[in-house]
>>> print(open('query20.json').read())   # JSON, C-alpha atoms and all ligand atoms
[["chain", "number", "residue", "atom", "x", "y", "z"],
["A", 24, "MET", "CA", -122.02, 46.98, 181.72],
["A", 25, "THR", "CA", -121.75, 50.71, 181.17],
["A", 26, "ALA", "CA", -118.93, 51.97, 179.00],
["A", 27, "LEU", "CA", -116.15, 54.19, 180.26],
["A", 28, "ILE", "CA", -116.61, 57.61, 178.69],
["A", 29, "ILE", "CA", -113.59, 58.94, 176.84],
["A", 30, "ASP", "CA", -113.75, 62.62, 177.76],
["A", 31, "GLY", "CA", -112.35, 64.47, 174.75],
["A", 32, "LYS", "CA", -112.87, 67.82, 176.42],
["A", 33, "GLU", "CA", -110.73, 66.84, 179.38],
["A", 34, "ILE", "CA", -107.96, 65.29, 177.26],
["A", 35, "ALA", "CA", -108.00, 68.35, 175.00],
["A", 36, "LYS", "CA", -107.69, 70.62, 178.04],
["A", 37, "ARG", "CA", -104.58, 68.76, 179.23],
["A", 38, "LYS", "CA", -103.02, 68.81, 175.76],
["A", 39, "LYS", "CA", -103.79, 72.51, 175.31],
["A", 40, "LEU", "CA", -102.04, 73.30, 178.59],
["A", 41, "GLU", "CA", -98.95, 71.40, 177.39],
["A", 42, "ILE", "CA", -99.07, 73.28, 174.07],
["A", 43, "SER", "CA", -99.43, 76.69, 175.74],
["A", 44, "LEU", "CA", -96.32, 76.01, 177.86],
["A", 45, "GLU", "CA", -94.39, 75.07, 174.71],
["A", 46, "VAL", "CA", -95.65, 78.24, 172.99],
["A", 47, "GLU", "CA", -94.30, 80.31, 175.90],
["A", 48, "LYS", "CA", -90.90, 78.64, 175.56],
["A", 49, "LEU", "CA", -90.81, 79.25, 171.81],
["A", 50, "LYS", "CA", -91.72, 82.90, 172.31],
["A", 51, "GLU", "CA", -88.61, 83.26, 174.49],
["A", 52, "SER", "CA", -86.62, 82.21, 171.42],
["A", 53, "GLY", "CA", -88.30, 84.99, 169.45],
["A", 54, "ILE", "CA", -90.89, 82.93, 167.56],
["A", 55, "THR", "CA", -94.66, 83.23, 168.02],
["A", 56, "PRO", "CA", -96.51, 80.40, 166.26],
["A", 57, "GLY", "CA", -98.82, 81.92, 163.65],
["A", 58, "LEU", "CA", -101.86, 80.43, 161.93],
["A", 59, "ALA", "CA", -103.55, 81.91, 158.86],
["A", 60, "VAL", "CA", -107.16, 80.87, 158.34],
["A", 61, "VAL", "CA", -108.77, 81.48, 154.96],
["A", 62, "LEU", "CA", -112.57, 81.58, 154.90],
["A", 63, "VAL", "CA", -114.58, 81.82, 151.69],
["A", 64, "GLY", "CA", -118.29, 82.65, 151.68],
["A", 65, "ASP", "CA", -121.04, 82.63, 154.27],
["A", 66, "ASN", "CA", -121.36, 79.03, 155.43],
["A", 67, "GLN", "CA", -122.50, 79.31, 159.06],
["A", 68, "ALA", "CA", -120.87, 76.07, 160.21],
["A", 69, "SER", "CA", -117.57, 77.13, 158.63],
["A", 70, "LYS", "CA", -117.79, 80.52, 160.35],
["A", 71, "THR", "CA", -118.35, 78.84, 163.71],
["A", 72, "TYR", "CA", -115.38, 76.48, 163.22],
["A", 73, "VAL", "CA", -113.12, 79.32, 162.11],
["A", 74, "ARG", "CA", -114.08, 81.47, 165.10],
["A", 75, "SER", "CA", -113.36, 78.58, 167.41],
["A", 76, "LYS", "CA", -109.93, 78.00, 165.80],
["A", 77, "GLN", "CA", -109.04, 81.67, 166.23],
["A", 78, "MET", "CA", -110.20, 81.76, 169.85],
["A", 79, "THR", "CA", -108.11, 78.70, 170.63],
["A", 80, "CYS", "CA", -105.04, 80.33, 169.05],
["A", 81, "LYS", "CA", -105.55, 83.32, 171.32],
["A", 82, "GLU", "CA", -106.09, 81.11, 174.37],
["A", 83, "LEU", "CA", -102.76, 79.35, 173.72],
["A", 84, "GLY", "CA", -100.80, 82.53, 173.03],
["A", 85, "MET", "CA", -100.51, 82.01, 169.28],
["A", 86, "HIS", "CA", -100.82, 84.60, 166.55],
["A", 87, "SER", "CA", -103.71, 84.16, 164.12],
["A", 88, "VAL", "CA", -104.95, 86.00, 161.06],
["A", 89, "LEU", "CA", -108.28, 85.58, 159.33],
["A", 90, "ILE", "CA", -108.51, 86.22, 155.59],
["A", 91, "GLU", "CA", -112.09, 86.42, 154.37],
["A", 92, "TYR", "CA", -113.41, 86.32, 150.81],
["A", 93, "THR", "CA", -116.87, 86.51, 149.39],
["A", 94, "GLU", "CA", -118.40, 83.45, 147.71],
["A", 95, "SER", "CA", -117.54, 84.82, 144.24],
["A", 96, "VAL", "CA", -113.77, 85.06, 144.75],
["A", 97, "ALA", "CA", -111.73, 83.78, 141.80],
["A", 98, "GLU", "CA", -109.58, 80.70, 142.30],
["A", 99, "GLY", "CA", -106.56, 82.67, 141.05],
["A", 100, "GLU", "CA", -106.96, 85.26, 143.79],
["A", 101, "LEU", "CA", -107.06, 82.54, 146.43],
["A", 102, "LEU", "CA", -103.96, 80.88, 144.96],
["A", 103, "ARG", "CA", -102.08, 84.19, 144.96],
["A", 104, "LYS", "CA", -102.94, 84.75, 148.62],
["A", 105, "ILE", "CA", -101.72, 81.26, 149.50],
["A", 106, "ALA", "CA", -98.44, 81.89, 147.64],
["A", 107, "GLU", "CA", -98.03, 85.07, 149.70],
["A", 108, "LEU", "CA", -98.74, 83.23, 152.98],
["A", 109, "ASN", "CA", -96.25, 80.50, 151.99],
["A", 110, "GLU", "CA", -93.54, 83.22, 151.93],
["A", 111, "ASP", "CA", -94.66, 84.97, 155.14],
["A", 112, "ASP", "CA", -92.26, 84.13, 158.00],
["A", 113, "SER", "CA", -94.81, 85.14, 160.67],
["A", 114, "ILE", "CA", -97.16, 82.40, 159.43],
["A", 115, "HIS", "CA", -96.37, 78.77, 160.27],
["A", 116, "GLY", "CA", -99.70, 77.18, 159.47],
["A", 117, "ILE", "CA", -102.15, 77.82, 156.62],
["A", 118, "LEU", "CA", -105.68, 76.47, 156.73],
["A", 119, "VAL", "CA", -108.30, 76.98, 154.05],
["A", 120, "GLN", "CA", -111.67, 76.15, 155.56],
["A", 121, "LEU", "CA", -113.58, 73.58, 153.52],
["A", 122, "PRO", "CA", -115.94, 73.22, 151.74],
["A", 123, "LEU", "CA", -115.13, 75.78, 149.03],
["A", 124, "PRO", "CA", -117.60, 77.11, 146.43],
["A", 125, "LYS", "CA", -118.10, 74.84, 143.41],
["A", 126, "HIS", "CA", -116.15, 77.04, 140.96],
["A", 127, "ILE", "CA", -112.95, 76.60, 143.00],
["A", 128, "ARG", "CA", -110.95, 73.38, 142.66],
["A", 129, "GLU", "CA", -110.43, 72.20, 146.22],
["A", 130, "MET", "CA", -107.38, 70.10, 145.36],
["A", 131, "ALA", "CA", -105.69, 72.97, 143.48],
["A", 132, "VAL", "CA", -106.05, 75.07, 146.62],
["A", 133, "ILE", "CA", -104.82, 72.35, 148.98],
["A", 134, "GLU", "CA", -101.84, 71.61, 146.72],
["A", 135, "ALA", "CA", -100.92, 75.31, 146.61],
["A", 136, "ILE", "CA", -100.24, 75.29, 150.36],
["A", 137, "SER", "CA", -96.61, 74.55, 151.19],
["A", 138, "PRO", "CA", -96.48, 71.03, 152.70],
["A", 139, "GLU", "CA", -94.33, 72.57, 155.47],
["A", 140, "LYS", "CA", -97.25, 74.86, 156.45],
["A", 141, "ASP", "CA", -100.07, 72.38, 155.79],
["A", 142, "VAL", "CA", -101.24, 72.08, 159.40],
["A", 143, "ASP", "CA", -104.50, 70.44, 158.26],
["A", 144, "GLY", "CA", -102.43, 67.54, 156.88],
["A", 145, "PHE", "CA", -104.50, 67.49, 153.66],
["A", 146, "HIS", "CA", -101.66, 68.01, 151.16],
["A", 147, "PRO", "CA", -100.86, 64.85, 149.16],
["A", 148, "VAL", "CA", -97.23, 65.16, 150.27],
["A", 149, "ASN", "CA", -98.25, 64.90, 153.93],
["A", 150, "ILE", "CA", -100.74, 62.11, 153.22],
["A", 151, "GLY", "CA", -97.97, 60.24, 151.35],
["A", 152, "ARG", "CA", -95.44, 60.79, 154.12],
["A", 153, "MET", "CA", -97.95, 59.54, 156.68],
["A", 154, "MET", "CA", -98.68, 56.44, 154.58],
["A", 155, "ILE", "CA", -95.04, 55.42, 154.49],
["A", 156, "GLY", "CA", -94.53, 56.22, 158.16],
["A", 157, "GLN", "CA", -92.39, 59.34, 157.62],
["A", 158, "GLU", "CA", -92.51, 62.51, 159.68],
["A", 159, "ALA", "CA", -95.60, 64.42, 158.45],
["A", 160, "PHE", "CA", -98.37, 66.77, 159.49],
["A", 161, "LEU", "CA", -101.14, 64.38, 160.49],
["A", 162, "SER", "CA", -104.69, 65.47, 159.69],
["A", 163, "CYS", "CA", -106.24, 66.78, 162.86],
["A", 164, "THR", "CA", -109.28, 64.55, 163.44],
["A", 165, "PRO", "CA", -107.45, 61.23, 162.85],
["A", 166, "PHE", "CA", -104.52, 62.52, 164.94],
["A", 167, "GLY", "CA", -106.94, 63.55, 167.71],
["A", 168, "ILE", "CA", -108.50, 60.07, 167.69],
["A", 169, "LEU", "CA", -105.06, 58.46, 168.01],
["A", 170, "VAL", "CA", -104.16, 60.70, 170.95],
["A", 171, "MET", "CA", -107.50, 60.00, 172.67],
["A", 172, "LEU", "CA", -107.03, 56.26, 172.35],
["A", 173, "LYS", "CA", -103.48, 56.43, 173.71],
["A", 174, "GLU", "CA", -104.44, 58.76, 176.57],
["A", 175, "SER", "CA", -107.26, 56.37, 177.51],
["A", 176, "GLY", "CA", -104.84, 53.44, 177.69],
["A", 177, "VAL", "CA", -106.44, 51.59, 174.76],
["A", 178, "ALA", "CA", -103.89, 49.14, 173.30],
["A", 179, "LEU", "CA", -103.74, 49.21, 169.50],
["A", 180, "GLU", "CA", -101.18, 46.58, 168.51],
["A", 181, "GLY", "CA", -102.85, 43.52, 167.01],
["A", 182, "LYS", "CA", -106.34, 44.95, 167.63],
["A", 183, "HIS", "CA", -109.01, 44.74, 164.98],
["A", 184, "VAL", "CA", -110.13, 48.25, 164.03],
["A", 185, "VAL", "CA", -113.18, 48.68, 161.83],
["A", 186, "VAL", "CA", -113.45, 52.11, 160.24],
["A", 187, "VAL", "CA", -116.95, 52.87, 158.99],
["A", 188, "GLY", "CA", -116.59, 55.62, 156.37],
["A", 189, "ARG", "CA", -113.87, 56.31, 153.83],
["A", 190, "SER", "CA", -113.56, 60.07, 153.49],
["A", 191, "ASN", "CA", -110.19, 61.60, 152.64],
["A", 192, "ILE", "CA", -110.37, 63.76, 155.76],
["A", 193, "VAL", "CA", -111.23, 61.12, 158.37],
["A", 194, "GLY", "CA", -111.92, 57.52, 157.31],
["A", 195, "LYS", "CA", -108.90, 56.82, 155.10],
["A", 196, "PRO", "CA", -106.26, 58.59, 157.20],
["A", 197, "VAL", "CA", -107.47, 57.28, 160.57],
["A", 198, "GLY", "CA", -107.26, 53.70, 159.30],
["A", 199, "GLN", "CA", -103.74, 54.35, 158.04],
["A", 200, "LEU", "CA", -102.63, 55.92, 161.33],
["A", 201, "LEU", "CA", -103.92, 52.93, 163.29],
["A", 202, "LEU", "CA", -102.28, 50.56, 160.82],
["A", 203, "ASN", "CA", -99.02, 52.41, 161.55],
["A", 204, "GLU", "CA", -99.68, 51.48, 165.22],
["A", 205, "ASN", "CA", -99.84, 47.79, 164.21],
["A", 206, "ALA", "CA", -103.62, 47.45, 164.38],
["A", 207, "THR", "CA", -105.42, 45.26, 161.83],
["A", 208, "VAL", "CA", -107.68, 47.60, 159.91],
["A", 209, "THR", "CA", -110.89, 46.94, 157.97],
["A", 210, "TYR", "CA", -112.57, 49.74, 156.00],
["A", 211, "CYS", "CA", -116.35, 49.58, 155.65],
["A", 212, "HIS", "CA", -118.45, 51.97, 153.58],
["A", 213, "SER", "CA", -121.81, 52.41, 151.87],
["A", 214, "LYS", "CA", -121.22, 49.46, 149.52],
["A", 215, "THR", "CA", -120.06, 47.05, 152.24],
["A", 216, "LYS", "CA", -122.17, 43.91, 152.51],
["A", 217, "GLU", "CA", -123.14, 42.58, 155.94],
["A", 218, "LEU", "CA", -121.71, 45.52, 157.86],
["A", 219, "VAL", "CA", -122.73, 44.01, 161.22],
["A", 220, "LYS", "CA", -120.54, 40.96, 160.59],
["A", 221, "HIS", "CA", -117.52, 43.23, 160.23],
["A", 222, "THR", "CA", -118.27, 45.59, 163.11],
["A", 223, "GLN", "CA", -119.19, 42.69, 165.44],
["A", 224, "SER", "CA", -115.62, 41.41, 165.18],
["A", 225, "ALA", "CA", -114.10, 44.83, 165.91],
["A", 226, "ASP", "CA", -112.15, 45.61, 169.07],
["A", 227, "ILE", "CA", -112.37, 49.26, 168.05],
["A", 228, "ILE", "CA", -115.05, 50.87, 165.86],
["A", 229, "ILE", "CA", -114.46, 54.28, 164.31],
["A", 230, "ALA", "CA", -117.82, 55.66, 163.13],
["A", 231, "ALA", "CA", -117.31, 58.35, 160.48],
["A", 232, "VAL", "CA", -120.31, 58.04, 158.16],
["A", 233, "GLY", "CA", -122.18, 61.29, 158.78],
["A", 234, "ARG", "CA", -125.53, 59.63, 159.60],
["A", 235, "THR", "CA", -127.25, 60.17, 162.92],
["A", 236, "GLY", "CA", -127.38, 57.05, 165.11],
["A", 237, "PHE", "CA", -126.09, 54.77, 162.33],
["A", 238, "ILE", "CA", -124.14, 52.48, 164.68],
["A", 239, "THR", "CA", -126.52, 50.64, 167.03],
["A", 240, "LYS", "CA", -125.93, 48.07, 169.77],
["A", 241, "GLU", "CA", -126.28, 45.24, 167.22],
["A", 242, "HIS", "CA", -123.07, 46.47, 165.55],
["A", 243, "VAL", "CA", -120.98, 46.37, 168.70],
["A", 244, "LYS", "CA", -119.14, 43.47, 170.33],
["A", 245, "PRO", "CA", -119.42, 43.63, 174.15],
["A", 246, "GLY", "CA", -116.45, 45.58, 175.55],
["A", 247, "ALA", "CA", -115.44, 47.16, 172.23],
["A", 248, "VAL", "CA", -114.13, 50.72, 172.03],
["A", 249, "VAL", "CA", -116.48, 53.00, 170.06],
["A", 250, "ILE", "CA", -115.21, 56.30, 168.65],
["A", 251, "ASP", "CA", -117.91, 58.58, 167.26],
["A", 252, "VAL", "CA", -116.71, 61.11, 164.67],
["A", 253, "GLY", "CA", -120.22, 62.17, 163.61],
["A", 254, "ILE", "CA", -121.31, 65.79, 163.87],
["A", 255, "ASN", "CA", -124.90, 65.72, 162.62],
["A", 256, "ARG", "CA", -127.80, 67.96, 163.50],
["A", 257, "ASN", "CA", -131.20, 66.39, 164.21],
["A", 258, "GLU", "CA", -134.58, 67.99, 163.42],
["A", 259, "GLU", "CA", -134.37, 70.14, 166.56],
["A", 260, "GLY", "CA", -130.89, 71.33, 165.61],
["A", 261, "LYS", "CA", -129.26, 69.28, 168.38],
["A", 262, "LEU", "CA", -125.74, 67.94, 167.73],
["A", 263, "CYS", "CA", -125.79, 64.14, 167.28],
["A", 264, "GLY", "CA", -123.15, 61.56, 166.53],
["A", 265, "ASP", "CA", -123.10, 58.57, 164.16],
["A", 266, "VAL", "CA", -123.57, 56.26, 167.16],
["A", 267, "SER", "CA", -126.83, 55.56, 169.02],
["A", 268, "TYR", "CA", -125.11, 56.58, 172.24],
["A", 269, "GLU", "CA", -127.81, 55.62, 174.76],
["A", 270, "GLU", "CA", -127.99, 51.98, 173.67],
["A", 271, "VAL", "CA", -124.34, 51.48, 172.64],
["A", 272, "LYS", "CA", -122.98, 52.73, 175.98],
["A", 273, "ASP", "CA", -124.50, 49.65, 177.65],
["A", 274, "VAL", "CA", -122.53, 47.30, 175.38],
["A", 275, "ALA", "CA", -119.25, 49.09, 174.66],
["A", 276, "GLY", "CA", -116.17, 49.09, 176.91],
["A", 277, "HIS", "CA", -115.27, 52.68, 176.04],
["A", 278, "ILE", "CA", -117.27, 55.29, 174.15],
["A", 279, "THR", "CA", -116.82, 58.92, 173.07],
["A", 280, "PRO", "CA", -119.77, 61.31, 173.55],
["A", 281, "VAL", "CA", -121.01, 63.88, 171.02],
["A", 282, "PRO", "CA", -120.44, 66.71, 171.77],
["A", 283, "GLY", "CA", -117.35, 66.57, 173.98],
["A", 284, "GLY", "CA", -115.59, 63.63, 172.32],
["A", 285, "VAL", "CA", -113.60, 63.83, 169.11],
["A", 286, "GLY", "CA", -114.54, 67.47, 168.35],
["A", 287, "PRO", "CA", -112.39, 69.20, 170.99],
["A", 288, "MET", "CA", -109.44, 67.00, 170.01],
["A", 289, "THR", "CA", -109.50, 68.10, 166.36],
["A", 290, "ILE", "CA", -108.87, 71.75, 167.15],
["A", 291, "THR", "CA", -106.24, 70.84, 169.73],
["A", 292, "MET", "CA", -104.23, 68.88, 167.18],
["A", 293, "LEU", "CA", -104.45, 71.84, 164.79],
["A", 294, "MET", "CA", -102.78, 73.92, 167.50],
["A", 295, "TYR", "CA", -100.22, 71.17, 168.03],
["A", 296, "ASN", "CA", -99.41, 71.09, 164.31],
["A", 297, "THR", "CA", -99.03, 74.88, 164.21],
["A", 298, "LEU", "CA", -96.66, 74.74, 167.18],
["A", 299, "LYS", "CA", -94.70, 71.95, 165.49],
["A", 300, "SER", "CA", -94.40, 73.98, 162.28],
["A", 301, "ALA", "CA", -93.16, 77.01, 164.23],
["A", 302, "ARG", "CA", -90.60, 74.82, 165.99],
["A", 303, "ASN", "CA", -89.44, 73.51, 162.60],
["A", 304, "ALA", "CA", -88.93, 77.13, 161.50],
["A", 305, "LEU", "CA", -86.53, 77.58, 164.42],
["A", 306, "ASN", "CA", -84.24, 74.79, 163.18],
["B", 1, "LIG", "N1", -114.05, 71.63, 157.16],
["B", 1, "LIG", "C1", -114.48, 70.71, 158.05],
["B", 1, "LIG", "N2", -113.47, 70.22, 158.78],
["B", 1, "LIG", "C2", -112.35, 70.85, 158.34],
["B", 1, "LIG", "C3", -110.98, 70.78, 158.72],
["B", 1, "LIG", "O1", -110.56, 70.02, 159.61],
["B", 1, "LIG", "N3", -110.13, 71.59, 158.03],
["B", 1, "LIG", "C4", -110.56, 72.42, 157.05],
["B", 1, "LIG", "N4", -109.64, 73.15, 156.43],
["B", 1, "LIG", "N5", -111.82, 72.50, 156.68],
["B", 1, "LIG", "C5", -112.71, 71.72, 157.33]]
>>> encode(input="query20.json", output="structure tokens")
Amino acid sequence: MTALIIDGKEIAKRKKLEISLEVEKLKESGITPGLAVVLVGDNQASKTYVRSKQMTCKELGMHSVLIEYTESVAEGELLRKIAELNEDDSIHGILVQLPLPKHIREMAVIEAISPEKDVDGFHPVNIGRMMIGQEAFLSCTPFGILVMLKESGVALEGKHVVVVGRSNIVGKPVGQLLLNENATVTYCHSKTKELVKHTQSADIIIAAVGRTGFITKEHVKPGAVVIDVGINRNEEGKLCGDVSYEEVKDVAGHITPVPGGVGPMTITMLMYNTLKSARNALN
């Protein structure tokens, strides 16, 4: 059996078209969704992500501003800029690209962003709202995974989901989102004993460990859905997932490729959240 490939690029393209039409409508009411991206330092990966976020804003007719600081910027200066952006009516979403330099407290920065403009969904208020099933900004990668699963017709209710990885950005929130969809969720991590026993009973595996090829065919029950969140670089600099794609695709029922799987969905949901925030500003 060869798995059906969940084409994140294609789903993202459809969603982006829907978003761009909504942006046009909102513009007729006098509001252009605006995203402020704050970039600190010279991290090449961060620069690439930020560029891609800005290009997507442009593609969808949204307004975007980039605020750049050198590595040595003081935390206070960053906090003052965020306070200013919180008050700026032309800005509906604020995103501070992570990671930040060591001398800056990441949580202080995240908590300084107004929860109503926290389009990354990292603020504890949004995480809390999501946990109790209230209206919230959902963090973009978990939200993108949920949309991909739904768009691919994967049923979630009563399904056993095994999340491998427990980061605040992906592992924890994706498990919670799928729990909200009535899935039965198991979290596995670096201290989990007999990982294969857990993953072998999974209807859906979410691999978010950050280790190239970590999930092999032995981990996967025939027909299971395998979502690969990994974005690792191998020795040749090639982008690789957390899943050994070539062998797992012969066992899984559905699989996401890397690149072209979860990645394109993350940025799309950021655009969706910015649109949603702009719509909220209208009401
Ligand atoms: N760094 C890596 N991924 C992300 C993300 O989704 N948002 C922000 N703000 N920083 C990141």
>>> residues_around(input="query20.json", residues="A:Val248", least_positions_apart="6", cutoff="8 Å", atoms="all atoms listed in the file", output="short mmCIF file (atom, residue, chain, number, x, y, z; two decimals) with C-alpha atoms, in the frame of the given file")
data_model
loop_
_atom_site.label_atom_id
_atom_site.label_comp_id
_atom_site.auth_asym_id
_atom_site.auth_seq_id
_atom_site.Cartn_x
_atom_site.Cartn_y
_atom_site.Cartn_z
CA ASP A 226 -112.15 45.61 169.07
CA ILE A 227 -112.37 49.26 168.05
CA ILE A 228 -115.05 50.87 165.86
CA ALA A 275 -119.25 49.09 174.66
CA GLY A 276 -116.17 49.09 176.91
CA HIS A 277 -115.27 52.68 176.04
CA ILE A 278 -117.27 55.29 174.15
#
>>> atom_distance(input="query20.json", atom1="atom CA of A:Asp143", atom2="atom CA of A:Val193")
11.5 Å
>>> atom_distance(input="query20.json", atom1="atom CA of A:Ser75", atom2="atom CA of A:Gly167")
16.3 Å
>>> residues_around(input="query20.json", residues="stretch 86-89 of chain A", least_positions_apart="4", cutoff="7 Å", atoms="only C-alpha atoms", output="short mmCIF file (atom, residue, chain, number, x, y, z; two decimals) with C-alpha atoms, in the coordinates of the input")
data_model
loop_
_atom_site.label_atom_id
_atom_site.label_comp_id
_atom_site.auth_asym_id
_atom_site.auth_seq_id
_atom_site.Cartn_x
_atom_site.Cartn_y
_atom_site.Cartn_z
CA THR A 55 -94.66 83.23 168.02
CA PRO A 56 -96.51 80.40 166.26
CA GLY A 57 -98.82 81.92 163.65
CA LEU A 58 -101.86 80.43 161.93
CA ALA A 59 -103.55 81.91 158.86
CA VAL A 60 -107.16 80.87 158.34
CA VAL A 61 -108.77 81.48 154.96
CA GLN A 77 -109.04 81.67 166.23
CA CYS A 80 -105.04 80.33 169.05
CA LYS A 81 -105.55 83.32 171.32
#
>>> residues_around(input="query20.json", residues="A:Cys211", least_positions_apart="3", cutoff="8 Å", atoms="only C-alpha atoms", output="list of chain:residue names")
A:Val185, A:Val186, A:Val187, A:Gly188, A:Arg189, A:Lys214, A:Thr215, A:Leu218, A:His221
>>> closest_atom_pairs(input="query20.json", of="chain A", to="ligand LIG 1 (chain B)", cutoff="10 Å", atoms="all atoms listed in the file", output="Markdown table")
| residue | atom | partner | partner_atom | distance |
| --- | --- | --- | --- | --- |
| A:Val60 | CA | B:LIG1 | N4 | 8.3 |
| A:Val61 | CA | B:LIG1 | N4 | 8.5 |
| A:Leu62 | CA | B:LIG1 | N4 | 9.1 |
| A:Ala68 | CA | B:LIG1 | C1 | 8.6 |
| A:Ser69 | CA | B:LIG1 | N1 | 6.7 |
| A:Tyr72 | CA | B:LIG1 | C1 | 7.8 |
| A:Val73 | CA | B:LIG1 | N5 | 8.8 |
| A:Ile117 | CA | B:LIG1 | N4 | 8.8 |
| A:Leu118 | CA | B:LIG1 | N4 | 5.2 |
| A:Val119 | CA | B:LIG1 | N4 | 4.7 |
| A:Gln120 | CA | B:LIG1 | N4 | 3.7 |
| A:Leu121 | CA | B:LIG1 | N5 | 3.8 |
| A:Pro122 | CA | B:LIG1 | N1 | 6.0 |
| A:Leu123 | CA | B:LIG1 | N5 | 9.0 |
| A:Ile133 | CA | B:LIG1 | N4 | 8.9 |
| A:Asp141 | CA | B:LIG1 | N4 | 9.6 |
| A:Val142 | CA | B:LIG1 | N4 | 9.0 |
| A:Asp143 | CA | B:LIG1 | N3 | 5.8 |
| A:Gly144 | CA | B:LIG1 | N3 | 8.8 |
| A:Phe145 | CA | B:LIG1 | N4 | 8.1 |
| A:Ser162 | CA | B:LIG1 | O1 | 7.4 |
| A:Cys163 | CA | B:LIG1 | O1 | 6.3 |
| A:Thr164 | CA | B:LIG1 | O1 | 6.8 |
| A:Pro165 | CA | B:LIG1 | O1 | 9.9 |
| A:Ile192 | CA | B:LIG1 | O1 | 7.4 |
| A:Val193 | CA | B:LIG1 | O1 | 9.0 |
| A:Gly286 | CA | B:LIG1 | O1 | 9.9 |
| A:Thr289 | CA | B:LIG1 | O1 | 7.1 |
| A:Ile290 | CA | B:LIG1 | O1 | 7.9 |
| A:Met292 | CA | B:LIG1 | O1 | 9.9 |
| A:Leu293 | CA | B:LIG1 | O1 | 8.2 |
>>> residues_around(input="query20.json", residues="A:Arg234", least_positions_apart="2", cutoff="9 Å", atoms="all atoms listed in the file", output="list in words")
Ala231, Val232, Gly236, Phe237, Ile238, Gly253, Ile254, Asn255, Cys263, Gly264, Asp265 and Val266 of chain A
>>> write_last_selection(input="query20.json", atoms="C-alpha atoms", output="PDB file, keeping the file's coordinate frame")
ATOM      1  CA  ALA A 231    -117.310  58.350 160.480  1.00  0.00           C
ATOM      2  CA  VAL A 232    -120.310  58.040 158.160  1.00  0.00           C
ATOM      3  CA  GLY A 236    -127.380  57.050 165.110  1.00  0.00           C
ATOM      4  CA  PHE A 237    -126.090  54.770 162.330  1.00  0.00           C
ATOM      5  CA  ILE A 238    -124.140  52.480 164.680  1.00  0.00           C
ATOM      6  CA  GLY A 253    -120.220  62.170 163.610  1.00  0.00           C
ATOM      7  CA  ILE A 254    -121.310  65.790 163.870  1.00  0.00           C
ATOM      8  CA  ASN A 255    -124.900  65.720 162.620  1.00  0.00           C
ATOM      9  CA  CYS A 263    -125.790  64.140 167.280  1.00  0.00           C
ATOM     10  CA  GLY A 264    -123.150  61.560 166.530  1.00  0.00           C
ATOM     11  CA  ASP A 265    -123.100  58.570 164.160  1.00  0.00           C
ATOM     12  CA  VAL A 266    -123.570  56.260 167.160  1.00  0.00           C
TER      13      VAL A 266
END
>>> closest_residue(input="query20.json", among="A:Gly284, A:Gln223, A:Glu269, A:Ile34", to="A:Ile250", atoms="all atoms listed in the file")
A:Gly284
>>> closest_residue(input="query20.json", among="A:Ala225, A:Val170, A:Val274, A:Val285", to="A:Thr207", atoms="only C-alpha atoms")
A:Ala225
>>> residues_around(input="query20.json", residues="A:Arg37", least_positions_apart="4", cutoff="12 Å", atoms="only C-alpha atoms", output="ChimeraX atom specification")
/A:30-33,41-44,170-171,174,287-288,291
>>> atom_distance(input="query20.json", atom1="atom CA of A:Gly84", atom2="atom CA of A:Thr297")
11.8 Å
>>> closest_atom_pairs(input="query20.json", of="stretch 118-231 of chain A", to="stretch 95-106 of chain A", cutoff="7 Å", atoms="all atoms listed in the file", output="Markdown table")
| residue | atom | partner | partner_atom | distance |
| --- | --- | --- | --- | --- |
| A:Ile127 | CA | A:Glu98 | CA | 5.4 |
| A:Val132 | CA | A:Leu102 | CA | 6.4 |
| A:Ala135 | CA | A:Leu102 | CA | 6.6 |
| A:Ile136 | CA | A:Ile105 | CA | 6.2 |
